[in-house]
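Coordinates as given in upload_17.txt (compact mmCIF, C-alpha atoms and all ligand atoms):
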```
# COMPACT_ATOMS: atom_id res chain seq x y z
CA MET A 1 0.00 0.00 0.00
CA LYS A 2 1.13 3.53 -0.73
CA GLU A 3 2.78 5.46 2.09
CA GLU A 4 0.10 8.14 2.05
CA LEU A 5 -2.50 5.47 2.85
CA GLN A 6 -0.63 4.01 5.83
CA LYS A 7 -1.87 4.57 9.33
CA ARG A 8 0.33 7.18 11.01
CA VAL A 9 0.61 9.73 13.79
CA VAL A 10 0.43 13.34 12.69
CA LYS A 11 1.35 16.44 14.66
CA GLY A 12 -1.10 19.27 14.16
CA PRO A 13 -0.12 22.96 14.00
CA ASP A 14 -1.18 23.35 17.64
CA GLY A 15 1.29 20.68 18.73
CA VAL A 16 -1.33 18.02 19.45
CA GLU A 17 -0.53 14.60 18.06
CA PHE A 18 -3.29 12.48 16.63
CA GLU A 19 -3.60 9.29 14.69
CA VAL A 20 -4.70 9.26 11.06
CA GLU A 21 -5.92 6.19 9.27
CA PRO A 22 -6.46 7.44 5.72
CA LEU A 23 -8.47 4.47 4.51
CA ARG A 24 -10.99 4.98 7.27
CA ASP A 25 -10.76 8.74 7.76
CA TYR A 26 -10.46 10.04 4.20
CA TYR A 27 -12.36 7.44 2.24
CA CYS A 28 -15.73 5.86 2.41
CA GLU A 29 -16.03 2.26 3.45
CA ALA A 30 -19.62 2.01 2.28
CA LEU A 31 -20.14 0.50 -1.15
CA PRO A 32 -22.03 2.41 -3.82
CA GLN A 33 -25.79 2.26 -3.41
CA VAL A 34 -28.48 1.74 -5.97
CA GLU A 35 -30.43 4.94 -6.43
CA ARG A 36 -34.15 4.16 -6.26
CA PRO A 37 -36.56 6.12 -8.42
CA ALA A 38 -38.71 8.78 -6.80
CA TYR A 39 -42.00 7.78 -5.11
CA ALA A 40 -44.16 8.70 -8.08
CA GLN A 41 -43.44 8.29 -11.75
CA ILE A 42 -44.41 11.86 -12.54
CA ILE A 43 -41.85 13.12 -10.02
CA GLU A 44 -39.20 10.81 -11.44
CA ASP A 45 -40.01 12.12 -14.91
CA LEU A 46 -39.56 15.65 -13.67
CA PHE A 47 -36.22 14.72 -12.14
CA ASN A 48 -35.12 13.02 -15.33
CA TRP A 49 -36.09 16.06 -17.36
CA ALA A 50 -34.02 18.24 -15.05
CA ARG A 51 -31.08 15.83 -15.21
CA SER A 52 -31.17 15.68 -18.97
CA GLU A 53 -31.10 19.47 -19.21
CA SER A 54 -28.03 19.91 -17.03
CA ILE A 55 -25.27 17.75 -18.34
CA TRP A 56 -22.02 18.74 -16.74
CA ILE A 57 -18.98 17.08 -18.21
CA LEU A 58 -15.88 16.32 -16.25
CA GLY A 59 -12.92 18.05 -17.87
CA PHE A 60 -10.81 14.92 -18.11
CA GLY A 61 -9.38 13.82 -21.44
CA THR A 62 -7.96 10.36 -21.85
CA GLY A 63 -7.09 9.88 -25.53
CA CYS A 64 -7.04 11.68 -28.87
CA GLY A 65 -10.77 12.38 -28.59
CA ALA A 66 -10.17 14.94 -25.85
CA ILE A 67 -9.23 17.36 -28.61
CA GLU A 68 -12.87 17.39 -29.74
CA MET A 69 -13.92 19.03 -26.51
CA ARG A 70 -12.31 22.35 -27.34
CA PRO A 71 -14.36 23.13 -30.45
CA LEU A 72 -17.45 22.09 -28.52
CA MET A 73 -16.71 24.57 -25.79
CA THR A 74 -16.13 27.43 -28.19
CA PRO A 75 -18.60 29.38 -30.35
CA ARG A 76 -18.38 27.32 -33.52
CA PHE A 77 -20.13 24.26 -32.08
CA ASP A 78 -21.16 25.79 -28.77
CA ALA A 79 -22.42 22.87 -26.69
CA TYR A 80 -23.51 25.30 -23.96
CA ARG A 81 -26.69 26.05 -25.87
CA TYR A 82 -27.82 22.50 -24.96
CA GLY A 83 -27.23 23.03 -21.27
CA ILE A 84 -23.94 21.17 -21.49
CA GLN A 85 -20.89 22.53 -19.78
CA TRP A 86 -17.53 21.41 -18.46
CA ARG A 87 -16.56 21.26 -14.83
CA PRO A 88 -13.12 21.09 -13.29
CA THR A 89 -13.74 18.52 -10.56
CA PRO A 90 -15.54 15.18 -10.36
CA ARG A 91 -17.69 16.45 -7.50
CA GLN A 92 -19.38 18.95 -9.77
CA ALA A 93 -19.70 16.78 -12.85
CA ASN A 94 -22.27 14.20 -13.84
CA LEU A 95 -21.04 13.07 -17.23
CA PHE A 96 -17.71 11.35 -17.78
CA VAL A 97 -16.71 11.33 -21.45
CA ILE A 98 -14.01 8.72 -21.92
CA SER A 99 -12.45 10.36 -24.90
CA GLY A 100 -10.64 7.51 -26.58
CA TYR A 101 -7.97 4.99 -25.74
CA LEU A 102 -7.50 4.35 -22.07
CA SER A 103 -4.15 3.21 -20.78
CA VAL A 104 -4.12 1.12 -17.65
CA LYS A 105 -2.48 3.95 -15.80
CA THR A 106 -5.20 6.38 -16.82
CA LEU A 107 -7.90 3.81 -16.10
CA LYS A 108 -6.85 3.91 -12.48
CA ARG A 109 -7.39 7.68 -12.33
CA VAL A 110 -10.61 7.35 -14.27
CA ILE A 111 -12.02 4.86 -11.78
CA ARG A 112 -11.16 7.13 -8.88
CA SER A 113 -12.66 10.14 -10.58
CA TYR A 114 -15.77 8.26 -11.61
CA GLU A 115 -16.38 7.04 -8.10
CA GLN A 116 -15.97 10.55 -6.77
CA MET A 117 -18.72 11.84 -9.00
CA GLN A 118 -22.08 12.09 -7.34
CA ASN A 119 -25.22 10.41 -8.51
CA PRO A 120 -26.84 10.75 -10.97
CA LYS A 121 -23.87 10.18 -13.24
CA TYR A 122 -23.34 8.93 -16.76
CA VAL A 123 -20.48 7.60 -18.85
CA VAL A 124 -20.10 8.11 -22.58
CA GLY A 125 -17.47 6.15 -24.49
CA LEU A 126 -16.03 8.11 -27.39
CA GLY A 127 -14.51 6.49 -30.43
CA SER A 128 -13.50 3.03 -31.56
CA CYS A 129 -10.90 2.66 -28.86
CA THR A 130 -13.46 2.52 -26.08
CA ILE A 131 -15.63 0.10 -28.04
CA ASN A 132 -13.23 -2.57 -29.28
CA GLY A 133 -9.74 -1.19 -28.90
CA GLY A 134 -9.73 0.68 -32.22
CA MET A 135 -6.30 0.93 -33.67
CA TYR A 136 -4.87 0.28 -30.24
CA PHE A 137 -6.18 -3.27 -30.28
CA ASP A 138 -2.67 -4.68 -30.00
CA SER A 139 -1.26 -2.22 -27.51
CA TYR A 140 0.41 -3.57 -24.40
CA ASN A 141 -1.01 -0.85 -22.25
CA THR A 142 -4.55 0.07 -23.27
CA ILE A 143 -7.81 -1.62 -22.46
CA LYS A 144 -10.00 -2.65 -25.36
CA ARG A 145 -13.47 -2.66 -23.94
CA LEU A 146 -14.53 0.11 -21.64
CA ASP A 147 -17.76 -1.53 -20.45
CA GLN A 148 -15.77 -4.21 -18.66
CA TYR A 149 -14.46 -1.63 -16.22
CA LEU A 150 -17.06 1.13 -16.06
CA PRO A 151 -20.76 1.18 -16.86
CA VAL A 152 -21.18 2.87 -20.23
CA ASP A 153 -24.51 4.52 -21.00
CA LEU A 154 -23.76 5.45 -24.58
CA TYR A 155 -21.06 4.95 -27.19
CA ILE A 156 -20.25 7.39 -29.95
CA THR A 157 -18.50 5.71 -32.85
CA GLY A 158 -15.78 7.10 -35.03
CA CYS A 159 -12.06 7.55 -35.04
CA MET A 160 -12.23 10.23 -34.11
CA PRO A 161 -15.86 11.37 -33.96
CA ARG A 162 -16.49 14.89 -35.21
CA PRO A 163 -17.92 17.48 -32.83
CA GLU A 164 -21.25 17.10 -34.63
CA ALA A 165 -21.25 13.42 -33.72
CA LEU A 166 -20.66 14.32 -30.11
CA LEU A 167 -23.53 16.77 -30.17
CA ALA A 168 -25.78 14.12 -31.68
CA GLY A 169 -24.56 11.73 -29.01
CA PHE A 170 -25.34 14.19 -26.25
CA LEU A 171 -28.85 14.61 -27.61
CA ASP A 172 -29.26 10.83 -27.63
CA LEU A 173 -28.00 10.70 -24.09
CA LYS A 174 -30.59 13.28 -23.12
CA LYS A 175 -33.27 11.06 -24.59
CA LEU A 176 -31.98 8.10 -22.62
CA ILE A 177 -31.91 10.09 -19.41
CA ARG A 178 -35.44 11.35 -19.94
CA ALA A 179 -36.63 7.84 -20.58
CA GLY A 180 -34.94 6.77 -17.36
CA LYS A 181 -32.71 4.35 -19.23
CA ALA A 182 -29.34 5.86 -18.40
CA ASP A 183 -28.85 3.86 -15.25
CA GLY A 184 -25.20 2.91 -15.55
CA ALA A 185 -24.43 4.09 -12.04
CA ASN A 186 -27.02 1.67 -10.66
CA HIS A 187 -25.57 -1.08 -12.79
CA TYR A 188 -22.18 -0.29 -11.30
CA ALA A 189 -23.57 -0.51 -7.80
CA GLU A 190 -25.40 -3.75 -8.49
CA ASN A 191 -22.46 -5.47 -10.16
CA PHE A 192 -19.81 -3.84 -8.06
CA ALA A 193 -17.87 -7.05 -7.36
CA TRP A 194 -17.74 -7.91 -11.07
CA TYR A 195 -16.46 -4.46 -12.02
CA LYS A 196 -13.87 -4.51 -9.25
CA ALA A 197 -12.63 -7.94 -10.27
CA ASN A 198 -12.21 -6.78 -13.87
CA GLN A 199 -10.48 -3.60 -12.81
CA LYS A 200 -8.08 -5.42 -10.55
CA GLN A 201 -7.28 -7.91 -13.26
CA VAL A 202 -5.63 -5.23 -15.41
CA ILE A 203 -4.42 -2.83 -12.73
CA GLN A 204 -1.53 -4.84 -11.35
CA ASP A 205 -0.50 -2.49 -8.56
CA TRP A 206 -3.85 -1.83 -6.97
CA ASP A 207 -2.88 0.64 -4.27
CA MET A 208 -6.09 2.50 -3.57
CA PRO A 209 -9.21 1.86 -1.57
CA ASP A 210 -11.87 -0.29 -3.18
CA TYR A 211 -14.32 2.54 -3.29
CA ASN A 212 -13.94 6.25 -2.71
CA TRP A 213 -16.12 9.26 -2.99
CA MET B 1 37.39 29.07 -38.46
CA GLN B 2 34.25 27.04 -38.80
CA THR B 3 34.31 23.84 -36.77
CA ASN B 4 33.06 20.82 -38.62
CA LEU B 5 32.43 17.23 -37.66
CA LEU B 6 35.40 15.87 -39.60
CA ASP B 7 37.85 18.01 -37.66
CA ILE B 8 36.18 17.11 -34.39
CA HIS B 9 36.39 13.45 -35.28
CA ALA B 10 40.05 13.73 -36.23
CA ARG B 11 40.85 15.38 -32.90
CA LEU B 12 38.84 12.73 -31.10
CA GLN B 13 40.59 9.88 -32.90
CA ALA B 14 43.97 11.28 -31.97
CA LEU B 15 43.01 10.82 -28.33
CA LEU B 16 40.76 7.78 -28.26
CA PRO B 17 40.36 4.66 -30.39
CA VAL B 18 36.84 5.52 -31.54
CA GLY B 19 35.26 4.19 -34.76
CA GLU B 20 34.83 5.76 -38.18
CA LEU B 21 32.58 8.73 -38.73
CA GLN B 22 29.34 7.92 -40.54
CA THR B 23 28.16 11.21 -41.93
CA GLN B 24 24.46 11.66 -42.59
CA ARG B 25 24.42 15.39 -43.24
CA ALA B 26 26.96 18.15 -42.93
CA ASP B 27 25.65 18.78 -39.43
CA LEU B 28 24.84 15.22 -38.31
CA ALA B 29 27.10 12.19 -37.98
CA PHE B 30 27.34 8.97 -36.02
CA LEU B 31 30.23 7.21 -34.43
CA ASP B 32 30.73 3.78 -32.86
CA VAL B 33 32.25 3.87 -29.40
CA PRO B 34 33.13 0.91 -27.19
CA PRO B 35 31.27 0.98 -23.85
CA SER B 36 34.43 1.49 -21.82
CA LEU B 37 35.31 4.66 -23.74
CA LEU B 38 31.88 6.27 -23.68
CA ARG B 39 32.47 8.43 -20.63
CA ALA B 40 35.85 9.67 -21.85
CA THR B 41 34.42 10.46 -25.27
CA LEU B 42 31.43 12.29 -23.87
CA LEU B 43 33.61 14.29 -21.49
CA GLN B 44 35.93 15.27 -24.29
CA LEU B 45 33.00 16.30 -26.48
CA ARG B 46 31.23 18.17 -23.74
CA ASP B 47 34.17 20.03 -22.22
CA ARG B 48 36.52 20.54 -25.14
CA GLU B 49 34.36 20.47 -28.25
CA GLY B 50 31.32 22.39 -27.06
CA PHE B 51 28.76 19.56 -27.23
CA THR B 52 26.99 20.76 -24.12
CA HIS B 53 23.51 19.46 -24.83
CA LEU B 54 22.43 15.84 -24.50
CA VAL B 55 19.63 15.68 -27.05
CA LEU B 56 18.53 12.12 -26.41
CA LEU B 57 19.55 8.73 -25.20
CA THR B 58 17.75 5.83 -26.75
CA ALA B 59 18.15 2.13 -27.46
CA VAL B 60 17.74 -0.30 -30.33
CA ASP B 61 17.22 -4.00 -29.74
CA TRP B 62 19.50 -6.01 -32.08
CA ILE B 63 18.04 -9.29 -30.98
CA GLU B 64 19.72 -11.36 -33.71
CA GLN B 65 23.13 -10.21 -32.53
CA GLU B 66 22.10 -10.48 -28.89
CA GLN B 67 22.99 -6.84 -28.38
CA PHE B 68 21.43 -3.54 -27.44
CA GLN B 69 22.61 -0.42 -29.16
CA LEU B 70 22.51 2.74 -27.10
CA THR B 71 22.57 6.02 -29.00
CA TYR B 72 23.76 9.12 -27.22
CA LEU B 73 22.98 12.17 -29.34
CA VAL B 74 24.82 15.31 -28.32
CA CYS B 75 24.58 18.77 -29.77
CA ASN B 76 26.97 21.66 -30.13
CA ARG B 77 24.60 24.59 -30.09
CA SER B 78 26.91 27.38 -31.18
CA ALA B 79 28.32 25.39 -34.13
CA ARG B 80 24.93 23.76 -34.84
CA LEU B 81 26.35 20.25 -35.00
CA ASP B 82 24.87 16.98 -33.83
CA LEU B 83 26.93 13.92 -33.09
CA GLY B 84 25.50 10.52 -32.21
CA LEU B 85 27.55 8.00 -30.26
CA ARG B 86 26.54 4.39 -30.76
CA VAL B 87 27.43 1.92 -28.08
CA ARG B 88 26.79 -1.81 -28.35
CA ILE B 89 26.26 -3.71 -25.12
CA PRO B 90 25.35 -7.35 -24.58
CA ARG B 91 21.65 -8.06 -24.34
CA GLU B 92 21.96 -10.34 -21.36
CA PRO B 93 22.78 -9.05 -18.81
CA ALA B 94 22.01 -5.61 -20.18
CA SER B 95 23.91 -3.10 -18.14
CA MET B 96 25.64 0.17 -18.92
CA GLU B 97 27.51 2.81 -17.03
CA SER B 98 25.28 5.70 -15.96
CA ILE B 99 26.08 9.18 -17.25
CA HIS B 100 23.78 11.09 -14.93
CA GLU B 101 26.74 13.00 -13.43
CA LEU B 102 27.55 14.40 -16.88
CA TRP B 103 23.98 15.38 -17.71
CA PRO B 104 21.37 15.16 -14.96
CA THR B 105 18.68 14.72 -17.63
CA ALA B 106 20.26 11.39 -18.55
CA ALA B 107 18.76 9.95 -15.38
CA THR B 108 15.28 10.31 -16.88
CA TYR B 109 16.29 8.59 -20.12
CA GLN B 110 17.92 5.83 -18.14
CA ARG B 111 14.78 5.28 -16.11
CA GLU B 112 12.83 4.97 -19.31
CA LEU B 113 15.31 2.52 -20.81
CA ARG B 114 15.26 0.52 -17.63
CA GLU B 115 11.50 0.21 -17.78
CA MET B 116 10.97 -0.25 -21.50
CA PHE B 117 14.08 -2.29 -22.41
CA GLY B 118 15.21 -3.64 -19.06
CA ILE B 119 18.66 -2.09 -19.34
CA ASP B 120 20.33 -1.53 -15.99
CA PHE B 121 22.26 1.66 -15.21
CA PRO B 122 23.74 1.06 -11.77
CA GLY B 123 23.80 4.18 -9.60
CA SER B 124 21.37 6.21 -11.67
CA PRO B 125 18.88 8.08 -9.44
CA ARG B 126 15.38 6.63 -8.97
CA LEU B 127 16.15 3.98 -11.55
CA ASP B 128 13.82 1.34 -10.21
CA GLU B 129 10.82 3.59 -9.64
CA ASP B 130 7.90 3.26 -12.02
CA PHE B 131 8.32 5.64 -14.91
CA ILE B 132 5.50 5.39 -17.46
CA LEU B 133 4.07 2.00 -16.70
CA GLU B 134 2.77 1.15 -13.29
CA GLY B 135 3.25 -2.25 -11.75
CA TRP B 136 4.58 -3.83 -14.94
CA THR B 137 5.62 -7.45 -14.36
CA ALA B 138 5.97 -8.94 -17.87
CA THR B 139 8.98 -8.66 -20.20
CA PRO B 140 9.91 -5.00 -20.79
CA PRO B 141 7.60 -4.04 -23.64
CA TYR B 142 10.11 -2.53 -26.06
CA ARG B 143 12.20 -5.68 -26.20
CA ARG B 144 11.62 -7.36 -29.51
CA ASP B 145 10.94 -10.74 -27.95
CA PHE B 146 7.91 -9.22 -26.20
CA ASP B 147 4.86 -10.20 -28.24
CA THR B 148 2.59 -7.17 -27.96
CA LEU B 149 -0.40 -8.67 -29.72
CA LYS B 150 -0.31 -11.88 -27.69
CA TYR B 151 0.03 -9.92 -24.46
CA ALA B 152 -2.90 -7.67 -25.36
CA GLU B 153 -5.04 -10.69 -26.24
CA GLU B 154 -4.24 -12.43 -22.99
CA THR B 155 -4.56 -9.40 -20.76
CA TYR B 156 -7.38 -7.21 -22.02
CA ALA B 157 -10.94 -8.32 -22.58
CA GLU B 158 -12.11 -8.16 -26.19
CA ARG B 159 -15.44 -7.42 -27.75
CA PRO B 160 -16.39 -10.26 -30.07
CA GLY B 161 -17.06 -9.44 -33.68
CA ARG B 162 -14.05 -7.35 -34.50
CA VAL B 163 -12.82 -7.99 -38.04
CA THR B 164 -9.70 -6.78 -39.80
CA TYR B 165 -9.68 -5.98 -43.51
CA ASP B 166 -6.67 -5.63 -45.73
CA PRO B 167 -6.79 -1.87 -46.38
CA ALA B 168 -5.81 -2.05 -50.07
CA ALA B 169 -8.31 -4.78 -50.96
CA HIS B 170 -11.05 -3.18 -48.88
CA MET B 171 -10.69 0.26 -50.44
CA GLN B 172 -10.58 -1.22 -53.93
CA GLN B 173 -13.81 -3.03 -53.19
CA GLN B 174 -15.35 0.18 -51.83
CA LEU B 175 -14.25 2.49 -54.61
CA TYR B 176 -14.37 0.20 -57.63
CA PRO B 177 -16.81 -2.59 -56.82
CA GLY B 178 -16.78 -5.40 -59.36
CA GLU B 179 -13.35 -4.59 -60.74
CA ARG B 180 -10.50 -6.95 -60.10
S1 LIG A 301 -10.83 6.06 -31.50
FE1 LIG A 301 -9.26 6.92 -32.85
S2 LIG A 301 -9.25 9.11 -32.39
FE2 LIG A 301 -10.25 8.04 -30.68
S3 LIG A 301 -8.64 7.65 -29.18
FE3 LIG A 301 -8.83 5.85 -30.49
S4 LIG A 301 -7.29 6.16 -32.09
FE4 LIG A 301 -7.65 8.13 -31.13
```
Rewritten as structure tokens:
Amino acid sequence: MKEELQKRVVKGPDGVEFEVEPLRDYYCEALPQVERPAYAQIIEDLFNWARSESIWILGFGTGCGAIEMRPLMTPRFDAYRYGIQWRPTPRQANLFVISGYLSVKTLKRVIRSYEQMQNPKYVVGLGSCTINGGMYFDSYNTIKRLDQYLPVDLYITGCMPRPEALLAGFLDLKKLIRAGKADGANHYAENFAWYKANQKQVIQDWDMPDYNW
Amino acid sequence: MQTNLLDIHARLQALLPVGELQTQRADLAFLDVPPSLLRATLLQLRDREGFTHLVLLTAVDWIEQEQFQLTYLVCNRSARLDLGLRVRIPREPASMESIHELWPTAATYQRELREMFGIDFPGSPRLDEDFILEGWTATPPYRRDFDTLKYAEETYAERPGRVTYDPAAHMQQQLYPGER
């Protein structure tokens, strides 16, 4: 385990010594929970409408596809007119766009960031690489199938997809959310052990807590 | 007087038994150096001939000859000359003297070579820390006996149904269907 996760005694600025156990104090031991729908369908529909109209993307680029985000943010394609915007931290975001090939090293950071995002949250896989490995199918260091490691709500094909394809994908995602079908986060919670086993199979040096938020 | 690589090589050969100069361009040449003379050659080039910049340090796997070739590319900025020193070392055990005291940046290259080729540079700082890969346990991936495709097939889950077309035949079929 990493040194920063070891149990240790820390001296505070006031001179008082106290014990810190990062895994217990900084992270959550509780597993992710399935989010139940609201008590009445009409309320749930209202929630889903609101969710679909406020898609906040985590500003995290993994592969070539990250370059497509810039034209979307700027006036030419202007994704903001659809209520889509980018956020700097996982806590404020609800959509994780995996923008292309994902190396094992990045996958580790992606898992941590994904788990730190709050429900409701969605994952979109961008480009061939997230679907079947794309042209990185024979790479020693990239995964070939994103849905083995994270629940994917929608894929956008292409290598790389144009910004228009992303916009179309976002509109499709909105439809899924409004129909209540974008429930990847619940799938993750329900099949947590399966996802963790897959993740640990490729991440050789697993040195982080099993779940964190 | 304009310095040129031929003069530099002549001066170098007067001091050290280095190999012949293989000129690629007027401002770029390569030179074979035995491992034991590398440090002396680099010091001479750096301190006397103005090659103050280590441009890169990289390796080639000559698996058939059971050797690694290390290429040290140095640059003389004011004369705008590049000189590459080629050093052959045995593949097994692959080990080479570290030059991090001559150029601190070499330590980073040596870490990379350690991770990707499995070449040891005893004494080089932070050599055994993870560099690009994390927790890599298989053969170093840039060695030619590492089968990338096989490793990827064994390690990473695949989606069934992926097909590979020969690009030339496929495009011919797309653009000129029916023609042979
Ligand atoms: S799908 Fe193509 S553009 Fe996207 S990350 Fe892979 S190689 Fe790059």
* Which neighbours of stretch 153-162 of chain B fall inside 12 Å, counting all atoms listed in the file, when residues of the same chain fewer than 3 positions from it are skipped, and could you give them as a PyMOL selection string? -> (chain A and resi 102-104+128-149+198-204) or (chain B and resi 138+147-150+165)
* Using only C-alpha atoms, which residue out of B:Val163, B:Leu57, B:Ala107, B:Ala79 lies closest to chain A? -> B:Val163
* **Shell of 8 Å around A:Met117, all atoms listed in the file, local chain residues under 4 positions omitted, as a count of residues only** => 8
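Using all atoms listed in the file, the smallest distance between any of B:Val87, B:Leu21, B:Val74, B:Leu56 and B:Thr108 comes from B:Leu56.
With distances taken over only C-alpha atoms and all ligand atoms, A:Leu126 is the one residue among A:Ile84, A:Val34, A:Leu58, A:Leu126 lying closest to ligand LIG 301 (chain A).
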* Can you work out the spacing between atom CA of A:Val124 and atom CA of A:Tyr39 in Å, to one decimal? => 28.0 Å
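Of the listed residues A:Ser99, A:Gln33, A:Gln118, A:Asn186, the one whose atoms come nearest to ligand LIG 301 (chain A) is A:Ser99, with distances taken using only C-alpha atoms and all ligand atoms.
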* Exercise: A:Leu5 partners within 8 Å, all atoms listed in the file, chain neighbours under 2 positions left out, as a list in words ->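 Contacts, with the query itself left out: Met1, Lys2, Glu3, Lys7, Glu21, Pro22, Leu23 and Met208 of chain A.
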* Structure fact -> Of A:Asp45, A:Glu68, A:Glu35, A:Glu29, the one sitting nearest ligand LIG 301 (chain A) when using only C-alpha atoms and all ligand atoms is A:Glu68
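The smallest atom-to-atom distance between ligand LIG 301 (chain A) and any of A:Ala197, A:Ile43, A:Met160, A:Ile98, using all atoms listed in the file, is found for A:Met160.
Neighbours of B:Arg25 closer than or equal to 12 Å, with all atoms listed in the file counted and sequence neighbours fewer than 2 positions away skipped, come out as Asn4, Leu5, Leu6, Leu21, Gln22, Thr23, Asp27, Leu28, Ala29, Phe30, Arg80, Leu81, Asp82 and Leu83 of chain B.
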Axis-aligned box over every listed atom of ligand LIG 301 (chain A), padded by 4 Å per side: centre and edges in Å to one decimal, as AutoDock Vina command-line options?
```
--center_x -9.1 --center_y 7.5 --center_z -31.0 --size_x 11.5 --size_y 11.3 --size_z 11.7
```
* **Residue neighbourhood stretch 31-33 of chain B, 12 Å, only C-alpha atoms, exclusion window fewer than 6 positions, as number ranges by chain** => B: 5-6, 8-10, 12-13, 16-24, 39-42, 69-74, 82-89
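Pairwise distance (atom CA of A:Arg36, atom CA of A:Asn48) equals 12.7 Å.
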* Take atom CA of A:Asn119 and atom CA of A:Ala179 and report the distance between them in Å, one decimal. => 16.8 Å
Could stretch 69-74 of chain B be completed with all heavy atoms and written as a CSV table (one decimal), in the coordinates of the input, please?
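Everything below was put into selection.csv:
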```csv
chain,number,residue,atom,x,y,z
B,69,GLN,N,21.8,-1.6,-28.7
B,69,GLN,CA,22.6,-0.4,-29.2
B,69,GLN,C,22.1,0.8,-28.4
B,69,GLN,O,20.9,1.1,-28.5
B,69,GLN,CB,22.5,-0.2,-30.7
B,69,GLN,CG,23.1,1.1,-31.1
B,69,GLN,CD,22.7,1.4,-32.5
B,69,GLN,OE1,22.7,0.6,-33.4
B,69,GLN,NE2,22.2,2.6,-32.7
B,70,LEU,N,22.9,1.5,-27.7
B,70,LEU,CA,22.5,2.7,-27.1
B,70,LEU,C,23.0,3.9,-28.0
B,70,LEU,O,24.2,3.9,-28.4
B,70,LEU,CB,23.1,2.9,-25.7
B,70,LEU,CG,22.6,1.8,-24.7
B,70,LEU,CD1,23.5,1.9,-23.4
B,70,LEU,CD2,21.2,2.1,-24.3
B,71,THR,N,22.2,4.9,-28.2
B,71,THR,CA,22.6,6.0,-29.0
B,71,THR,C,22.5,7.3,-28.1
B,71,THR,O,21.5,7.6,-27.6
B,71,THR,CB,21.6,6.2,-30.2
B,71,THR,OG1,21.6,5.0,-31.0
B,71,THR,CG2,22.1,7.3,-31.1
B,72,TYR,N,23.7,7.9,-28.0
B,72,TYR,CA,23.8,9.1,-27.2
B,72,TYR,C,23.9,10.2,-28.2
B,72,TYR,O,24.9,10.3,-28.9
B,72,TYR,CB,25.0,9.1,-26.3
B,72,TYR,CG,25.0,8.0,-25.2
B,72,TYR,CD1,25.3,6.7,-25.6
B,72,TYR,CD2,24.7,8.3,-23.9
B,72,TYR,CE1,25.3,5.7,-24.6
B,72,TYR,CE2,24.7,7.4,-22.9
B,72,TYR,CZ,25.0,6.0,-23.3
B,72,TYR,OH,25.0,5.1,-22.3
B,73,LEU,N,22.9,11.1,-28.4
B,73,LEU,CA,23.0,12.2,-29.3
B,73,LEU,C,23.3,13.4,-28.6
B,73,LEU,O,22.6,13.8,-27.7
B,73,LEU,CB,21.6,12.3,-30.1
B,73,LEU,CG,21.6,13.2,-31.3
B,73,LEU,CD1,22.5,12.6,-32.4
B,73,LEU,CD2,20.2,13.4,-31.8
B,74,VAL,N,24.4,14.1,-29.0
B,74,VAL,CA,24.8,15.3,-28.3
B,74,VAL,C,24.9,16.4,-29.4
B,74,VAL,O,25.1,16.2,-30.5
B,74,VAL,CB,26.2,15.2,-27.6
B,74,VAL,CG1,26.0,14.3,-26.3
B,74,VAL,CG2,27.2,14.6,-28.5
```
